[in-house]
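Novice: Questions regarding the structure given below will be posed in turn.
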Amino acid sequence: MLSTFRGLPSVVWTVFAGTIVNRLGYLVTPFLVFFLAARGVTGAETTYVLGALGAGNLLGPALGGLLADRIGRRSTMLIGLLGASAAQGALFAAPGVLTMAAAALLLSAAGAMISPAAYALLADSVDAGRRQRAYALFGWGVNIGTAVAGVLGGFLAAHGFWLLFTVDVATMLVYAVIVATRLRETRPARPAGKDEGAVADGIGYGVVLRDRLLLALLPLFGLQLFVYSLTEVALPLAIRDSGLSPAVYGAMAAVNAVFVVVLQPVATATLARLPQLPVQAGGSVLIAVGVALTGVADSVAVYTVSVVVWSLGEVVVAGIAASMVADLAPAHARGRYQGAFQWTWGAARFGALTLGVTVYTSLSPAVLWWSALLAGVLTSAVTLALRSRVDRRMEHDLAA
């Protein structure tokens, strides 16, 4: 299976290994509601903490992308890792709801700074022809670590929440040591000439906002990510309303984890040779169909079928969107381009948590599932319609 990723430079494997270590400690967030309840935080107060956690996922990517281009990829990753580890300790020791919310904001913001810098570092280190494989390997590491963390977290939580925080802090510090000792800075020099866009680009997100093609693609990716995020937000509600136990949701999460971990290398090897946009569109349709099937599920067997369908879509699209964003980005602005993409990811998850749950509970589950299917199909069609523009842009960049 690892032969799929043969030939990638050592820096990719270092980030892959560090990501697994980091995600092995991704324990506190999934069990945060239980931790808050154990601390006597009421349901209404819990929403403030969770809201702060969501807000951090919008602030972190933008700041991480900016710093990655300004001070460097490696330095930004270290700031994010050290900041997140400090926030873990602050959240555990926080004496009240306001301080918990502040710590949760810092935790998610610092943690979300890491990915834009890591994606930019990989783009600096790998040529365009191998970026999708590099990003797919990165995503594979996330899934491996998350799958193990799901099992580990349940065991540790039963023996004390302090163990969750301890493991989270330890894994972040280990990853920070890996970054500090095994990675070197890769940030390209910013072009000095006005003709090359250095003056016009500045140091902010103006370079991103002036890229019309990217601005056309990001909302499409955002809607597709919103549909995928419903698997984390609305799927548990549907399982509950079907009269099934929380253990069923745990089983569905395990099905997804095993499916992705086993099939990701095979799918990447098979699909990496094909044009990216059609593959992205096809995978997004699979995700939308799988999510929509949740609306007709009423048993463990049917829920399993729906999970398998959207999990197949997940392995199909792995690494493609991030690779396309990297290919569109000027070398000196890769961090900001990835920051914009990761911000889109954060906005999609925040939208699923707020708008998705509101539609499910206030209108009807059927409206949500049909809307997800429609959004997935339409965005895939529009994405395909942009293929000629993307191809022309790539050809122009290669010629330049």
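Chain identifiers are assigned as A, B, and so on, following the order in which chains appear in the structure tokens; residues are numbered from 1 within each chain, and ligands are numbered from 1 in order of appearance.
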Mind checking which residues fall within 10 Å of A:Leu217, counting only C-alpha atoms, ignoring those fewer than 4 positions away in the same chain, and posting them as a ChimeraX atom specification?

Specialist: /A:212-213,221-222,321,324-325,341,379,382-383,386,390

Novice: Applying 12 Å and only C-alpha atoms, which residues near A:Ser85 remain after dropping the ones on its own chain fewer than 5 positions away? List them as a ChimeraX atom specification.

Specialist: /A:22,25-26,28,78-80,90-92,103-104,106-111,165-176

Novice: Save the residues we just selected, N, CA and C atoms, as a PDB file, in the first residue's frame?

Specialist:
```pdb
ATOM      1  N   ASN A  22       0.401  13.812  16.196  1.00  0.00           N
ATOM      2  CA  ASN A  22      -0.463  14.903  16.645  1.00  0.00           C
ATOM      3  C   ASN A  22      -1.922  14.462  16.738  1.00  0.00           C
ATOM      4  N   GLY A  25      -3.296  12.409  19.605  1.00  0.00           N
ATOM      5  CA  GLY A  25      -3.669  13.167  20.790  1.00  0.00           C
ATOM      6  C   GLY A  25      -4.861  14.069  20.579  1.00  0.00           C
ATOM      7  N   TYR A  26      -5.604  13.850  19.498  1.00  0.00           N
ATOM      8  CA  TYR A  26      -6.794  14.661  19.243  1.00  0.00           C
ATOM      9  C   TYR A  26      -7.949  14.080  20.058  1.00  0.00           C
ATOM     10  N   VAL A  28      -9.330  15.741  23.318  1.00  0.00           N
ATOM     11  CA  VAL A  28     -10.144  16.614  24.156  1.00  0.00           C
ATOM     12  C   VAL A  28     -11.395  17.085  23.425  1.00  0.00           C
ATOM     13  N   LEU A  78       5.309  25.766  14.575  1.00  0.00           N
ATOM     14  CA  LEU A  78       5.751  25.725  15.969  1.00  0.00           C
ATOM     15  C   LEU A  78       4.888  26.618  16.853  1.00  0.00           C
ATOM     16  N   ILE A  79       4.546  27.810  16.368  1.00  0.00           N
ATOM     17  CA  ILE A  79       3.682  28.700  17.144  1.00  0.00           C
ATOM     18  C   ILE A  79       2.330  28.043  17.386  1.00  0.00           C
ATOM     19  N   GLY A  80       1.772  27.416  16.340  1.00  0.00           N
ATOM     20  CA  GLY A  80       0.486  26.761  16.483  1.00  0.00           C
ATOM     21  C   GLY A  80       0.526  25.603  17.460  1.00  0.00           C
ATOM     22  N   ALA A  90      -4.620  25.479  29.796  1.00  0.00           N
ATOM     23  CA  ALA A  90      -5.485  26.557  30.287  1.00  0.00           C
ATOM     24  C   ALA A  90      -6.939  26.116  30.341  1.00  0.00           C
ATOM     25  N   LEU A  91      -7.377  25.331  29.358  1.00  0.00           N
ATOM     26  CA  LEU A  91      -8.760  24.860  29.349  1.00  0.00           C
ATOM     27  C   LEU A  91      -9.021  23.920  30.527  1.00  0.00           C
ATOM     28  N   PHE A  92      -8.068  23.057  30.806  1.00  0.00           N
ATOM     29  CA  PHE A  92      -8.245  22.117  31.921  1.00  0.00           C
ATOM     30  C   PHE A  92      -8.290  22.842  33.258  1.00  0.00           C
ATOM     31  N   ALA A 103     -10.032  29.900  26.531  1.00  0.00           N
ATOM     32  CA  ALA A 103      -9.069  28.832  26.269  1.00  0.00           C
ATOM     33  C   ALA A 103      -9.471  28.010  25.049  1.00  0.00           C
ATOM     34  N   ALA A 104     -10.775  27.760  24.896  1.00  0.00           N
ATOM     35  CA  ALA A 104     -11.253  27.010  23.729  1.00  0.00           C
ATOM     36  C   ALA A 104     -11.000  27.783  22.451  1.00  0.00           C
ATOM     37  N   LEU A 106      -8.552  29.978  21.940  1.00  0.00           N
ATOM     38  CA  LEU A 106      -7.115  29.892  21.686  1.00  0.00           C
ATOM     39  C   LEU A 106      -6.737  28.502  21.190  1.00  0.00           C
ATOM     40  N   LEU A 107      -7.342  27.477  21.768  1.00  0.00           N
ATOM     41  CA  LEU A 107      -7.023  26.104  21.379  1.00  0.00           C
ATOM     42  C   LEU A 107      -7.331  25.857  19.903  1.00  0.00           C
ATOM     43  N   SER A 108      -8.532  26.198  19.475  1.00  0.00           N
ATOM     44  CA  SER A 108      -8.900  25.929  18.089  1.00  0.00           C
ATOM     45  C   SER A 108      -8.169  26.854  17.131  1.00  0.00           C
ATOM     46  N   ALA A 109      -7.970  28.119  17.520  1.00  0.00           N
ATOM     47  CA  ALA A 109      -7.270  29.050  16.633  1.00  0.00           C
ATOM     48  C   ALA A 109      -5.818  28.625  16.433  1.00  0.00           C
ATOM     49  N   ALA A 110      -5.133  28.283  17.511  1.00  0.00           N
ATOM     50  CA  ALA A 110      -3.732  27.865  17.401  1.00  0.00           C
ATOM     51  C   ALA A 110      -3.622  26.549  16.636  1.00  0.00           C
ATOM     52  N   GLY A 111      -4.511  25.617  16.931  1.00  0.00           N
ATOM     53  CA  GLY A 111      -4.472  24.345  16.223  1.00  0.00           C
ATOM     54  C   GLY A 111      -4.734  24.498  14.736  1.00  0.00           C
ATOM     55  N   PHE A 165      -6.221  15.424  28.454  1.00  0.00           N
ATOM     56  CA  PHE A 165      -5.447  16.655  28.309  1.00  0.00           C
ATOM     57  C   PHE A 165      -3.946  16.361  28.315  1.00  0.00           C
ATOM     58  N   THR A 166      -3.525  15.447  29.152  1.00  0.00           N
ATOM     59  CA  THR A 166      -2.100  15.119  29.229  1.00  0.00           C
ATOM     60  C   THR A 166      -1.592  14.542  27.918  1.00  0.00           C
ATOM     61  N   VAL A 167      -2.337  13.607  27.353  1.00  0.00           N
ATOM     62  CA  VAL A 167      -1.924  13.002  26.085  1.00  0.00           C
ATOM     63  C   VAL A 167      -1.943  14.038  24.966  1.00  0.00           C
ATOM     64  N   ASP A 168      -2.970  14.894  24.935  1.00  0.00           N
ATOM     65  CA  ASP A 168      -3.036  15.937  23.905  1.00  0.00           C
ATOM     66  C   ASP A 168      -1.808  16.843  23.959  1.00  0.00           C
ATOM     67  N   VAL A 169      -1.485  17.316  25.146  1.00  0.00           N
ATOM     68  CA  VAL A 169      -0.327  18.214  25.294  1.00  0.00           C
ATOM     69  C   VAL A 169       0.958  17.485  24.906  1.00  0.00           C
ATOM     70  N   ALA A 170       1.109  16.250  25.340  1.00  0.00           N
ATOM     71  CA  ALA A 170       2.330  15.498  25.049  1.00  0.00           C
ATOM     72  C   ALA A 170       2.517  15.283  23.547  1.00  0.00           C
ATOM     73  N   THR A 171       1.469  14.913  22.848  1.00  0.00           N
ATOM     74  CA  THR A 171       1.612  14.659  21.407  1.00  0.00           C
ATOM     75  C   THR A 171       1.900  15.943  20.641  1.00  0.00           C
ATOM     76  N   MET A 172       1.312  17.054  21.067  1.00  0.00           N
ATOM     77  CA  MET A 172       1.610  18.325  20.411  1.00  0.00           C
ATOM     78  C   MET A 172       3.074  18.717  20.615  1.00  0.00           C
ATOM     79  N   LEU A 173       3.579  18.494  21.820  1.00  0.00           N
ATOM     80  CA  LEU A 173       4.973  18.828  22.085  1.00  0.00           C
ATOM     81  C   LEU A 173       5.925  17.908  21.319  1.00  0.00           C
ATOM     82  N   VAL A 174       5.553  16.642  21.177  1.00  0.00           N
ATOM     83  CA  VAL A 174       6.374  15.723  20.378  1.00  0.00           C
ATOM     84  C   VAL A 174       6.413  16.183  18.930  1.00  0.00           C
ATOM     85  N   TYR A 175       5.259  16.567  18.387  1.00  0.00           N
ATOM     86  CA  TYR A 175       5.225  17.058  17.006  1.00  0.00           C
ATOM     87  C   TYR A 175       6.053  18.331  16.881  1.00  0.00           C
ATOM     88  N   ALA A 176       5.991  19.199  17.895  1.00  0.00           N
ATOM     89  CA  ALA A 176       6.791  20.425  17.862  1.00  0.00           C
ATOM     90  C   ALA A 176       8.285  20.100  17.811  1.00  0.00           C
TER      91      ALA A 176
END
```

Novice: Could you please write out, as a VMD selection string, every residue of stretch 165-355 of chain A that DSSP assigns to helix (DSSP H, G or I)?

Specialist: chain A and resid 165 to 182 194 to 196 198 to 201 206 to 209 212 to 241 246 to 271 276 to 296 300 to 317 320 to 328 331 to 355

Novice: From the set A:Leu374, A:Val255, A:Ala340, A:Ala44, which residue has the shortest atom-to-atom contact distance to A:Leu209, counting only C-alpha atoms?

Specialist: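 Answer, going by the shortest atom-to-atom distance: A:Ala340.
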
Novice: Which is closer to A:Ala281 than all the others in A:Pro236, A:Gly376, A:Pro188, A:Pro265, using only C-alpha atoms?

Specialist: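 Nearest candidate to A:Ala281 out of A:Pro236, A:Gly376, A:Pro188, A:Pro265: A:Gly376.
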
Novice: Give me, as a PyMOL selection string, all polymer residues having an atom no more than 10 Å from A:Ile320, counting only C-alpha atoms and skipping those fewer than 2 positions away in the same chain.

Specialist: chain A and resi 131-133+135-136+268+272+275-277+279-280+316-318+322-326

Novice: Check the smallest atom-to-atom distance from each of A:Val300, A:Leu286, A:Val266, A:Val260 to A:Arg240 using only C-alpha atoms, then report the winner.

Specialist: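 Between A:Val300, A:Leu286, A:Val266, A:Val260, the residue approaching A:Arg240 most closely is A:Val300.
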
Novice: So the first atom is atom CA of A:Phe35 and the second is atom CA of A:Phe161; what is the distance between them in Å, to one decimal place?

Specialist: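 Atom-to-atom, atom CA of A:Phe35 and atom CA of A:Phe161 are spaced 6.7 Å apart.
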
Novice: If I take atom CA of A:Arg210 and atom CA of A:Met77, how far is one from the other in Å, to one decimal?

Specialist: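 Taking atom CA of A:Arg210 as the start and atom CA of A:Met77 as the end point, the length is 26.6 Å.
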
Novice: Between A:Val262, A:Val315, A:Gly139, A:Leu363, which one has atoms that come closest to A:Phe16, using only C-alpha atoms?

Specialist: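 Looking only at the distances to A:Phe16, the closest residue turns out to be A:Gly139.
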